[in-house]
Structure formats: structure tokens, C-alpha cells
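Participant: Take a look at work_22.csv, CSV, N, CA and C atoms:
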```csv
chain,number,residue,atom,x,y,z
T,1,MET,N,-22.4,16.8,-8.1
T,1,MET,CA,-22.4,15.6,-7.3
T,1,MET,C,-21.6,15.9,-6.0
T,2,ASN,N,-21.9,15.2,-5.0
T,2,ASN,CA,-21.3,15.4,-3.7
T,2,ASN,C,-19.8,15.0,-3.7
T,3,THR,N,-19.0,15.9,-3.2
T,3,THR,CA,-17.5,15.7,-3.3
T,3,THR,C,-17.1,14.4,-2.5
T,4,GLY,N,-17.7,14.2,-1.3
T,4,GLY,CA,-17.4,13.0,-0.5
T,4,GLY,C,-17.7,11.7,-1.3
T,5,TYR,N,-18.9,11.7,-1.9
T,5,TYR,CA,-19.3,10.5,-2.7
T,5,TYR,C,-18.3,10.3,-3.8
T,6,LEU,N,-17.9,11.4,-4.5
T,6,LEU,CA,-17.0,11.2,-5.7
T,6,LEU,C,-15.6,10.7,-5.2
T,7,LEU,N,-15.1,11.2,-4.1
T,7,LEU,CA,-13.8,10.7,-3.6
T,7,LEU,C,-13.9,9.2,-3.2
T,8,MET,N,-15.0,8.9,-2.5
T,8,MET,CA,-15.1,7.5,-2.1
T,8,MET,C,-15.3,6.5,-3.3
T,9,ASN,N,-16.1,7.0,-4.2
T,9,ASN,CA,-16.4,6.1,-5.4
T,9,ASN,C,-15.1,5.9,-6.2
T,10,ILE,N,-14.4,7.0,-6.5
T,10,ILE,CA,-13.1,6.9,-7.2
T,10,ILE,C,-12.1,6.0,-6.5
T,11,SER,N,-12.0,6.2,-5.2
T,11,SER,CA,-11.1,5.3,-4.4
T,11,SER,C,-11.5,3.9,-4.5
T,12,LYS,N,-12.8,3.6,-4.4
T,12,LYS,CA,-13.3,2.2,-4.4
T,12,LYS,C,-13.0,1.6,-5.8
T,13,GLN,N,-13.2,2.4,-6.8
T,13,GLN,CA,-13.0,1.8,-8.2
T,13,GLN,C,-11.5,1.6,-8.4
T,14,MET,N,-10.6,2.5,-8.0
T,14,MET,CA,-9.2,2.4,-8.1
T,14,MET,C,-8.7,1.2,-7.4
T,15,LYS,N,-9.2,1.0,-6.1
T,15,LYS,CA,-8.7,-0.1,-5.3
T,15,LYS,C,-9.1,-1.5,-6.0
T,16,TYR,N,-10.3,-1.5,-6.5
T,16,TYR,CA,-10.8,-2.7,-7.2
T,16,TYR,C,-9.9,-3.0,-8.4
T,17,GLN,N,-9.7,-2.0,-9.3
T,17,GLN,CA,-8.9,-2.2,-10.5
T,17,GLN,C,-7.4,-2.6,-10.1
T,18,LEU,N,-6.9,-1.9,-9.1
T,18,LEU,CA,-5.5,-2.3,-8.7
T,18,LEU,C,-5.5,-3.7,-8.2
T,19,ASN,N,-6.5,-4.1,-7.4
T,19,ASN,CA,-6.5,-5.5,-6.9
T,19,ASN,C,-6.6,-6.5,-8.0
T,20,GLN,N,-7.4,-6.2,-9.0
T,20,GLN,CA,-7.5,-7.1,-10.2
T,20,GLN,C,-6.1,-7.2,-10.9
T,21,ALA,N,-5.5,-6.1,-11.1
T,21,ALA,CA,-4.2,-6.1,-11.8
T,21,ALA,C,-3.1,-6.8,-10.9
T,22,LEU,N,-3.1,-6.6,-9.6
T,22,LEU,CA,-2.1,-7.2,-8.7
T,22,LEU,C,-2.4,-8.7,-8.6
T,23,LEU,N,-3.6,-9.1,-8.7
T,23,LEU,CA,-3.9,-10.6,-8.6
T,23,LEU,C,-3.2,-11.3,-9.8
T,24,GLN,N,-3.0,-10.7,-10.9
T,24,GLN,CA,-2.3,-11.3,-12.0
T,24,GLN,C,-0.8,-11.5,-11.7
T,25,GLN,N,-0.4,-10.8,-10.7
T,25,GLN,CA,1.0,-10.9,-10.2
T,25,GLN,C,1.1,-11.8,-9.0
T,26,GLY,N,-0.1,-12.3,-8.5
T,26,GLY,CA,-0.1,-13.2,-7.4
T,26,GLY,C,-0.2,-12.4,-6.0
T,27,LEU,N,-0.6,-11.2,-6.1
T,27,LEU,CA,-0.7,-10.4,-4.9
T,27,LEU,C,-2.1,-9.8,-4.7
T,28,THR,N,-2.4,-9.4,-3.5
T,28,THR,CA,-3.6,-8.6,-3.2
T,28,THR,C,-3.2,-7.2,-2.9
T,29,VAL,N,-4.1,-6.3,-2.9
T,29,VAL,CA,-3.9,-4.9,-2.5
T,29,VAL,C,-3.3,-4.8,-1.1
T,30,GLN,N,-3.8,-5.6,-0.2
T,30,GLN,CA,-3.3,-5.6,1.2
T,30,GLN,C,-1.9,-6.1,1.2
T,31,GLN,N,-1.6,-7.2,0.5
T,31,GLN,CA,-0.2,-7.7,0.5
T,31,GLN,C,0.7,-6.7,-0.1
T,32,TRP,N,0.3,-6.0,-1.2
T,32,TRP,CA,1.1,-5.0,-1.8
T,32,TRP,C,1.4,-3.8,-0.9
T,33,ALA,N,0.4,-3.5,-0.1
T,33,ALA,CA,0.5,-2.4,0.8
T,33,ALA,C,1.7,-2.7,1.8
T,34,VAL,N,1.7,-3.9,2.3
T,34,VAL,CA,2.8,-4.3,3.2
T,34,VAL,C,4.2,-4.3,2.5
T,35,ILE,N,4.2,-4.8,1.3
T,35,ILE,CA,5.4,-4.8,0.5
T,35,ILE,C,5.9,-3.4,0.2
T,36,GLN,N,5.0,-2.5,-0.1
T,36,GLN,CA,5.3,-1.1,-0.4
T,36,GLN,C,6.0,-0.5,0.8
T,37,GLN,N,5.4,-0.7,2.0
T,37,GLN,CA,6.1,-0.2,3.2
T,37,GLN,C,7.5,-0.7,3.4
T,38,LEU,N,7.7,-2.0,3.2
T,38,LEU,CA,9.0,-2.6,3.4
T,38,LEU,C,9.9,-2.3,2.2
T,39,ALA,N,9.4,-1.8,1.1
T,39,ALA,CA,10.3,-1.5,0.0
T,39,ALA,C,11.2,-0.3,0.3
T,40,GLN,N,10.9,0.4,1.4
T,40,GLN,CA,11.8,1.5,1.7
T,40,GLN,C,13.1,1.0,2.3
T,41,GLN,N,13.2,-0.3,2.4
T,41,GLN,CA,14.4,-1.0,2.8
T,41,GLN,C,14.8,-0.7,4.3
T,42,ILE,N,13.8,-0.4,5.1
T,42,ILE,CA,14.0,-0.2,6.5
T,42,ILE,C,13.1,-1.3,7.2
T,43,PRO,N,13.8,-2.3,7.8
T,43,PRO,CA,13.1,-3.4,8.5
T,43,PRO,C,12.1,-2.8,9.5
T,44,LEU,N,10.9,-3.4,9.5
T,44,LEU,CA,9.8,-2.9,10.4
T,44,LEU,C,9.3,-4.1,11.2
T,45,THR,N,8.7,-3.8,12.4
T,45,THR,CA,8.0,-4.8,13.2
T,45,THR,C,6.6,-4.8,12.7
T,46,ALA,N,5.9,-5.9,13.0
T,46,ALA,CA,4.5,-6.1,12.7
T,46,ALA,C,3.7,-5.0,13.3
T,47,VAL,N,4.0,-4.6,14.6
T,47,VAL,CA,3.3,-3.5,15.3
T,47,VAL,C,3.4,-2.2,14.5
T,48,THR,N,4.6,-1.9,14.0
T,48,THR,CA,4.7,-0.7,13.2
T,48,THR,C,3.9,-0.7,11.9
T,49,LEU,N,4.0,-1.8,11.3
T,49,LEU,CA,3.2,-2.0,10.0
T,49,LEU,C,1.7,-1.9,10.3
T,50,SER,N,1.3,-2.5,11.4
T,50,SER,CA,-0.1,-2.4,11.7
T,50,SER,C,-0.6,-1.0,11.9
T,51,ALA,N,0.2,-0.2,12.6
T,51,ALA,CA,-0.1,1.2,12.8
T,51,ALA,C,-0.1,2.0,11.5
T,52,ARG,N,0.9,1.8,10.7
T,52,ARG,CA,1.1,2.6,9.5
T,52,ARG,C,0.0,2.3,8.5
T,53,LEU,N,-0.4,1.0,8.4
T,53,LEU,CA,-1.4,0.6,7.4
T,53,LEU,C,-2.9,0.6,8.0
T,54,ASP,N,-3.0,0.9,9.3
T,54,ASP,CA,-4.3,0.9,9.9
T,54,ASP,C,-5.0,-0.4,9.8
T,55,MET,N,-4.2,-1.5,10.0
T,55,MET,CA,-4.7,-2.9,9.9
T,55,MET,C,-4.7,-3.5,11.3
T,56,ASP,N,-5.7,-4.3,11.6
T,56,ASP,CA,-5.7,-4.9,12.9
T,56,ASP,C,-4.7,-6.1,12.9
T,57,LYS,N,-4.2,-6.5,14.0
T,57,LYS,CA,-3.1,-7.4,14.1
T,57,LYS,C,-3.5,-8.8,13.5
T,58,PRO,N,-4.7,-9.3,13.7
T,58,PRO,CA,-5.0,-10.6,13.1
T,58,PRO,C,-4.9,-10.6,11.5
T,59,THR,N,-5.4,-9.5,11.0
T,59,THR,CA,-5.4,-9.3,9.5
T,59,THR,C,-4.0,-9.3,9.0
T,60,LEU,N,-3.2,-8.4,9.7
T,60,LEU,CA,-1.8,-8.3,9.3
T,60,LEU,C,-1.0,-9.6,9.4
T,61,SER,N,-1.3,-10.3,10.5
T,61,SER,CA,-0.6,-11.6,10.7
T,61,SER,C,-0.9,-12.5,9.6
T,62,GLY,N,-2.1,-12.6,9.1
T,62,GLY,CA,-2.4,-13.5,8.0
T,62,GLY,C,-1.7,-13.0,6.7
T,63,ILE,N,-1.6,-11.7,6.5
T,63,ILE,CA,-0.9,-11.2,5.3
T,63,ILE,C,0.6,-11.5,5.4
T,64,ILE,N,1.2,-11.3,6.6
T,64,ILE,CA,2.6,-11.6,6.8
T,64,ILE,C,2.8,-13.1,6.5
T,65,LYS,N,2.0,-14.0,7.0
T,65,LYS,CA,2.2,-15.4,6.8
T,65,LYS,C,2.2,-15.8,5.3
T,66,ARG,N,1.2,-15.2,4.6
T,66,ARG,CA,1.1,-15.5,3.2
T,66,ARG,C,2.4,-14.9,2.4
T,67,LEU,N,2.9,-13.8,2.8
T,67,LEU,CA,4.1,-13.2,2.2
T,67,LEU,C,5.3,-14.0,2.5
T,68,LEU,N,5.4,-14.5,3.7
T,68,LEU,CA,6.5,-15.4,4.1
T,68,LEU,C,6.4,-16.7,3.3
T,69,ASP,N,5.2,-17.3,3.1
T,69,ASP,CA,5.0,-18.5,2.3
T,69,ASP,C,5.5,-18.3,0.9
T,70,LYS,N,5.2,-17.1,0.4
T,70,LYS,CA,5.6,-16.8,-1.0
T,70,LYS,C,7.1,-16.4,-1.1
T,71,GLN,N,7.8,-16.3,0.0
T,71,GLN,CA,9.2,-15.9,0.1
T,71,GLN,C,9.4,-14.5,-0.4
T,72,LEU,N,8.5,-13.6,-0.1
T,72,LEU,CA,8.6,-12.2,-0.5
T,72,LEU,C,9.1,-11.4,0.6
T,73,ILE,N,8.9,-11.9,1.9
T,73,ILE,CA,9.5,-11.2,3.0
T,73,ILE,C,10.2,-12.2,3.9
T,74,GLU,N,11.0,-11.7,4.8
T,74,GLU,CA,11.7,-12.5,5.8
T,74,GLU,C,11.7,-11.9,7.1
T,75,LYS,N,11.8,-12.7,8.2
T,75,LYS,CA,11.9,-12.2,9.5
T,75,LYS,C,13.3,-12.4,10.0
T,76,THR,N,13.7,-11.4,10.8
T,76,THR,CA,15.0,-11.5,11.5
T,76,THR,C,14.8,-11.0,13.0
T,77,SER,N,15.7,-11.3,13.8
T,77,SER,CA,15.6,-10.9,15.2
T,77,SER,C,15.8,-9.4,15.3
T,78,ASN,N,15.0,-8.9,16.2
T,78,ASN,CA,15.1,-7.4,16.5
T,78,ASN,C,16.1,-7.2,17.6
T,79,PRO,N,17.2,-6.6,17.3
T,79,PRO,CA,18.2,-6.4,18.3
T,79,PRO,C,17.8,-5.4,19.5
T,80,ASP,N,16.7,-4.6,19.2
T,80,ASP,CA,16.3,-3.6,20.2
T,80,ASP,C,15.2,-4.2,21.1
T,81,ASP,N,14.5,-5.3,20.7
T,81,ASP,CA,13.5,-5.9,21.4
T,81,ASP,C,13.4,-7.4,21.1
T,82,LYS,N,13.9,-8.2,22.0
T,82,LYS,CA,13.9,-9.7,21.8
T,82,LYS,C,12.5,-10.3,21.6
T,83,ARG,N,11.5,-9.6,22.0
T,83,ARG,CA,10.1,-10.1,21.9
T,83,ARG,C,9.5,-10.0,20.5
T,84,SER,N,10.2,-9.2,19.7
T,84,SER,CA,9.6,-8.9,18.3
T,84,SER,C,10.6,-9.3,17.3
T,85,GLN,N,10.1,-9.3,16.0
T,85,GLN,CA,11.0,-9.6,14.9
T,85,GLN,C,10.8,-8.5,13.9
T,86,LEU,N,11.9,-8.3,13.1
T,86,LEU,CA,11.9,-7.3,12.0
T,86,LEU,C,11.5,-8.0,10.7
T,87,LEU,N,10.7,-7.3,10.0
T,87,LEU,CA,10.3,-7.8,8.6
T,87,LEU,C,11.0,-7.0,7.6
T,88,SER,N,11.5,-7.7,6.5
T,88,SER,CA,12.1,-7.0,5.4
T,88,SER,C,11.8,-7.8,4.1
T,89,LEU,N,12.0,-7.2,3.0
T,89,LEU,CA,11.8,-7.8,1.7
T,89,LEU,C,13.0,-8.7,1.3
T,90,THR,N,12.7,-9.8,0.7
T,90,THR,CA,13.7,-10.6,0.1
T,90,THR,C,14.0,-10.0,-1.3
T,91,ASP,N,14.9,-10.6,-2.0
T,91,ASP,CA,15.1,-10.2,-3.4
T,91,ASP,C,13.9,-10.3,-4.3
T,92,ALA,N,13.2,-11.4,-4.1
T,92,ALA,CA,11.9,-11.6,-4.8
T,92,ALA,C,10.9,-10.6,-4.4
T,93,GLY,N,10.9,-10.2,-3.1
T,93,GLY,CA,10.0,-9.2,-2.6
T,93,GLY,C,10.3,-7.8,-3.2
T,94,MET,N,11.6,-7.5,-3.4
T,94,MET,CA,12.0,-6.3,-4.1
T,94,MET,C,11.5,-6.3,-5.5
T,95,THR,N,11.6,-7.4,-6.2
T,95,THR,CA,11.1,-7.5,-7.6
T,95,THR,C,9.5,-7.3,-7.6
T,96,ALA,N,8.8,-7.9,-6.6
T,96,ALA,CA,7.4,-7.8,-6.5
T,96,ALA,C,7.0,-6.3,-6.2
T,97,ALA,N,7.8,-5.6,-5.4
T,97,ALA,CA,7.6,-4.2,-5.1
T,97,ALA,C,7.7,-3.4,-6.3
T,98,ALA,N,8.7,-3.6,-7.1
T,98,ALA,CA,8.9,-2.8,-8.3
T,98,ALA,C,7.7,-3.1,-9.3
T,99,ALA,N,7.3,-4.4,-9.5
T,99,ALA,CA,6.3,-4.7,-10.4
T,99,ALA,C,4.9,-4.1,-9.9
T,100,GLY,N,4.7,-4.1,-8.6
T,100,GLY,CA,3.5,-3.6,-8.1
T,100,GLY,C,3.4,-2.1,-8.2
T,101,LYS,N,4.6,-1.4,-8.0
T,101,LYS,CA,4.6,0.1,-8.2
T,101,LYS,C,4.3,0.4,-9.7
T,102,GLN,N,4.9,-0.4,-10.6
T,102,GLN,CA,4.6,-0.1,-12.0
T,102,GLN,C,3.2,-0.3,-12.3
T,103,THR,N,2.6,-1.3,-11.8
T,103,THR,CA,1.1,-1.6,-12.0
T,103,THR,C,0.3,-0.4,-11.4
T,104,SER,N,0.7,0.0,-10.2
T,104,SER,CA,-0.1,1.2,-9.6
T,104,SER,C,0.1,2.4,-10.4
T,105,ASP,N,1.4,2.7,-10.9
T,105,ASP,CA,1.6,3.9,-11.7
T,105,ASP,C,0.8,3.9,-13.0
T,106,ASP,N,0.8,2.7,-13.6
T,106,ASP,CA,0.0,2.6,-14.9
T,106,ASP,C,-1.4,2.8,-14.6
T,107,LEU,N,-2.0,2.3,-13.6
T,107,LEU,CA,-3.4,2.6,-13.3
T,107,LEU,C,-3.7,4.0,-13.0
T,108,LEU,N,-2.8,4.7,-12.2
T,108,LEU,CA,-3.0,6.1,-11.9
T,108,LEU,C,-2.9,6.9,-13.2
T,109,ASP,N,-1.9,6.6,-14.1
T,109,ASP,CA,-1.8,7.3,-15.4
T,109,ASP,C,-3.1,7.1,-16.2
T,110,HIS,N,-3.7,5.9,-16.2
T,110,HIS,CA,-5.0,5.7,-16.9
T,110,HIS,C,-6.1,6.5,-16.3
T,111,VAL,N,-6.2,6.5,-14.9
T,111,VAL,CA,-7.3,7.2,-14.3
T,111,VAL,C,-7.2,8.7,-14.5
T,112,LEU,N,-5.9,9.3,-14.4
T,112,LEU,CA,-5.7,10.7,-14.6
T,112,LEU,C,-5.5,11.1,-16.0
T,113,GLY,N,-5.6,10.2,-16.9
T,113,GLY,CA,-5.2,10.5,-18.3
T,113,GLY,C,-6.0,11.6,-19.0
T,114,ASP,N,-7.2,11.9,-18.5
T,114,ASP,CA,-8.0,13.0,-19.1
T,114,ASP,C,-7.6,14.4,-18.5
T,115,LEU,N,-6.8,14.4,-17.5
T,115,LEU,CA,-6.4,15.7,-16.9
T,115,LEU,C,-5.0,16.1,-17.4
T,116,SER,N,-4.9,17.5,-17.6
T,116,SER,CA,-3.7,18.0,-18.1
T,116,SER,C,-2.6,17.9,-16.9
T,117,PRO,N,-1.4,18.1,-17.2
T,117,PRO,CA,-0.4,18.0,-16.1
T,117,PRO,C,-0.6,19.1,-15.1
T,118,ALA,N,-1.1,20.3,-15.5
T,118,ALA,CA,-1.4,21.3,-14.5
T,118,ALA,C,-2.6,20.9,-13.6
T,119,GLU,N,-3.6,20.3,-14.2
T,119,GLU,CA,-4.8,19.8,-13.4
T,119,GLU,C,-4.3,18.7,-12.5
T,120,GLN,N,-3.5,17.8,-12.9
T,120,GLN,CA,-3.0,16.7,-12.1
T,120,GLN,C,-2.2,17.3,-10.9
T,121,ALA,N,-1.4,18.3,-11.1
T,121,ALA,CA,-0.6,19.0,-10.1
T,121,ALA,C,-1.6,19.6,-9.1
T,122,THR,N,-2.6,20.3,-9.6
T,122,THR,CA,-3.6,20.9,-8.7
T,122,THR,C,-4.3,19.9,-7.9
T,123,LEU,N,-4.8,18.8,-8.5
T,123,LEU,CA,-5.4,17.7,-7.8
T,123,LEU,C,-4.5,17.2,-6.7
T,124,ASN,N,-3.3,16.9,-7.0
T,124,ASN,CA,-2.3,16.4,-6.0
T,124,ASN,C,-2.1,17.4,-4.9
T,125,HIS,N,-2.0,18.6,-5.2
T,125,HIS,CA,-1.9,19.7,-4.1
T,125,HIS,C,-3.1,19.7,-3.2
T,126,LEU,N,-4.3,19.7,-3.8
T,126,LEU,CA,-5.5,19.7,-3.0
T,126,LEU,C,-5.6,18.5,-2.1
T,127,LEU,N,-5.4,17.3,-2.7
T,127,LEU,CA,-5.5,16.1,-1.9
T,127,LEU,C,-4.5,16.0,-0.8
T,128,THR,N,-3.3,16.5,-1.1
T,128,THR,CA,-2.2,16.6,-0.1
T,128,THR,C,-2.6,17.5,1.1
T,129,LYS,N,-3.2,18.6,0.7
T,129,LYS,CA,-3.7,19.6,1.8
T,129,LYS,C,-4.8,18.9,2.6
T,130,ILE,N,-5.7,18.2,2.0
T,130,ILE,CA,-6.8,17.6,2.7
T,130,ILE,C,-6.2,16.5,3.6
T,131,ASN,N,-5.3,15.7,3.1
T,131,ASN,CA,-4.7,14.6,3.8
T,131,ASN,C,-3.9,15.1,5.0
T,132,ALA,N,-3.3,16.2,4.9
T,132,ALA,CA,-2.5,16.8,6.0
T,132,ALA,C,-3.4,17.2,7.2
T,133,SER,N,-4.6,17.5,6.9
T,133,SER,CA,-5.6,17.9,7.9
T,133,SER,C,-6.5,16.8,8.4
T,134,LYS,N,-6.1,15.5,8.0
T,134,LYS,CA,-7.0,14.4,8.3
T,134,LYS,C,-7.3,14.2,9.8
T,135,GLU,N,-6.4,14.7,10.6
T,135,GLU,CA,-6.6,14.5,12.1
T,135,GLU,C,-7.9,15.2,12.5
T,136,THR,N,-8.4,16.2,11.8
T,136,THR,CA,-9.6,16.9,12.2
T,136,THR,C,-10.8,16.2,11.7
T,137,LEU,N,-10.7,15.1,10.9
T,137,LEU,CA,-11.9,14.4,10.4
T,137,LEU,C,-12.5,13.5,11.4
```
Show the structure stored in the file as C-alpha cells.
Facilitator:
Amino acid sequence: MNTGYLLMNISKQMKYQLNQALLQQGLTVQQWAVIQQLAQQIPLTAVTLSARLDMDKPTLSGIIKRLLDKQLIEKTSNPDDKRSQLLSLTDAGMTAAAAGKQTSDDLLDHVLGDLSPAEQATLNHLLTKINASKETL
């Protein structure tokens, strides 16, 4: 079977399954992606998040609004640029980040369960190599 098709199909299936699992925690995959970026405990601007997640500004703006409403993130003044605000996780957001990571790890363990540790390491190495050269795609 075509490698490109397999990669896209597996990615699509994993995203769907992760979204279904995260919905039980009150989050979407897109919201969790933002939370995951902020879980590094480095406040970020919406512009930086938009670039890192390859999301357009209106989409990200809606996600930020919903996360603010859920009190999972907070805004603070940006001392380096008065026109922007920094986003960071609240304590509830840190809890959501940990729960989302566990959910993601559990799904990955399930998907890769039929592979030996050596096969998993090889797969990870190959995907990392492809990802590093993504600028050529």
C-alpha cells in the first residue's frame, strides 16, 4: 500500500480517536494542542501559538476564548510589547495538560502495541528524520 496514504490514514484515525477521548475531558484536539504548547510553562503570545500550531488567527482566537471561559488559561500583560498579551496555563490548565498527555500516551501505546520496542524506536527514528526534512516537502 502507498506509504503516503498509510501515514495520512493512521494520522486521521489517531486524531479522531484522540479527539473522542479528549471530548470526555471537555476538550478538543485543537484546544489540547494549545494547552500542550503552554504546558512548557513559558507564556506565549497568540501570534507565537498561531505560528507553532499552524493555525489561522480567527481559529486560534476562538480556541483561546473557549479556554479562557473554561479557566484553563489566563492572559497577562506582555512587558516586551504593550499591544499583545501573554497566555499561560492556570492550575486547572496544568491539570488538563497532564490528563491530556496521559490520554495521548495511552492512545499511542494502544496504536503501537503490536510493535516491539525496537520497532517502535525504528519508527520514531524514521519519522523524526522525515519530519526534520519537512521544509523540502
Participant: Can you work out which one of T:Leu107, T:Leu44, T:Ala92, T:Leu126 has the shortest atom-to-atom distance to Leu72 of chain T, counting only N, CA and C atoms?
Facilitator: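 Of the candidates, the smallest distance to Leu72 of chain T is held by T:Ala92.
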Participant: Which residue gives the smallest distance to Ala39 of chain T among T:Tyr16, T:Ala97, T:Ile73, T:Asp114, with all atoms listed in the file counted?
Facilitator: T:Ala97
Participant: Which residues come within 8 Å of Gln30 of chain T, counting all atoms listed in the file, excluding same-chain residues fewer than 5 positions away, as a PyMOL selection string?
Facilitator: chain T and resi 19+35-36+63
Participant: Select from chain T everything DSSP, run on the backbone, classes as strand (DSSP E or B), then give the selection as number ranges by chain.
Facilitator: T: 44, 73-77, 85-89
Participant: If I take atom CA of Thr95 of chain T and atom CA of Gln40 of chain T, how far is one from the other in Å, to one decimal?
Facilitator: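 The value is 13.0 Å.
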Participant: So which residues of segment 1-131 of chain T fall under alpha helix (DSSP H) by DSSP, listed as a PyMOL selection string?
Facilitator: chain T and resi 3-23+29-38+46-53+57-69+91-111+117-131
Participant: Separation of atom CA of Asn78 of chain T and atom CA of Asp54 of chain T, in Å?
Facilitator: 22.1 Å
Participant: Would you list the contacts of Thr103 of chain T as a list of chain:residue names, taking every protein, DNA or RNA residue within 8 Å and counting all atoms listed in the file, but skipping same-chain residues closer than 6 positions in sequence?
Facilitator: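 Final neighbour list, sorted by chain and number: T:Leu18, T:Ala21, T:Leu22, T:Ala97, T:Asp109.
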Participant: Could you tell me how far atom CA of Pro43 of chain T lies from atom N of Ala99 of chain T, in Å and to one decimal?
Facilitator: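 Distance between the two atoms: 18.9 Å.
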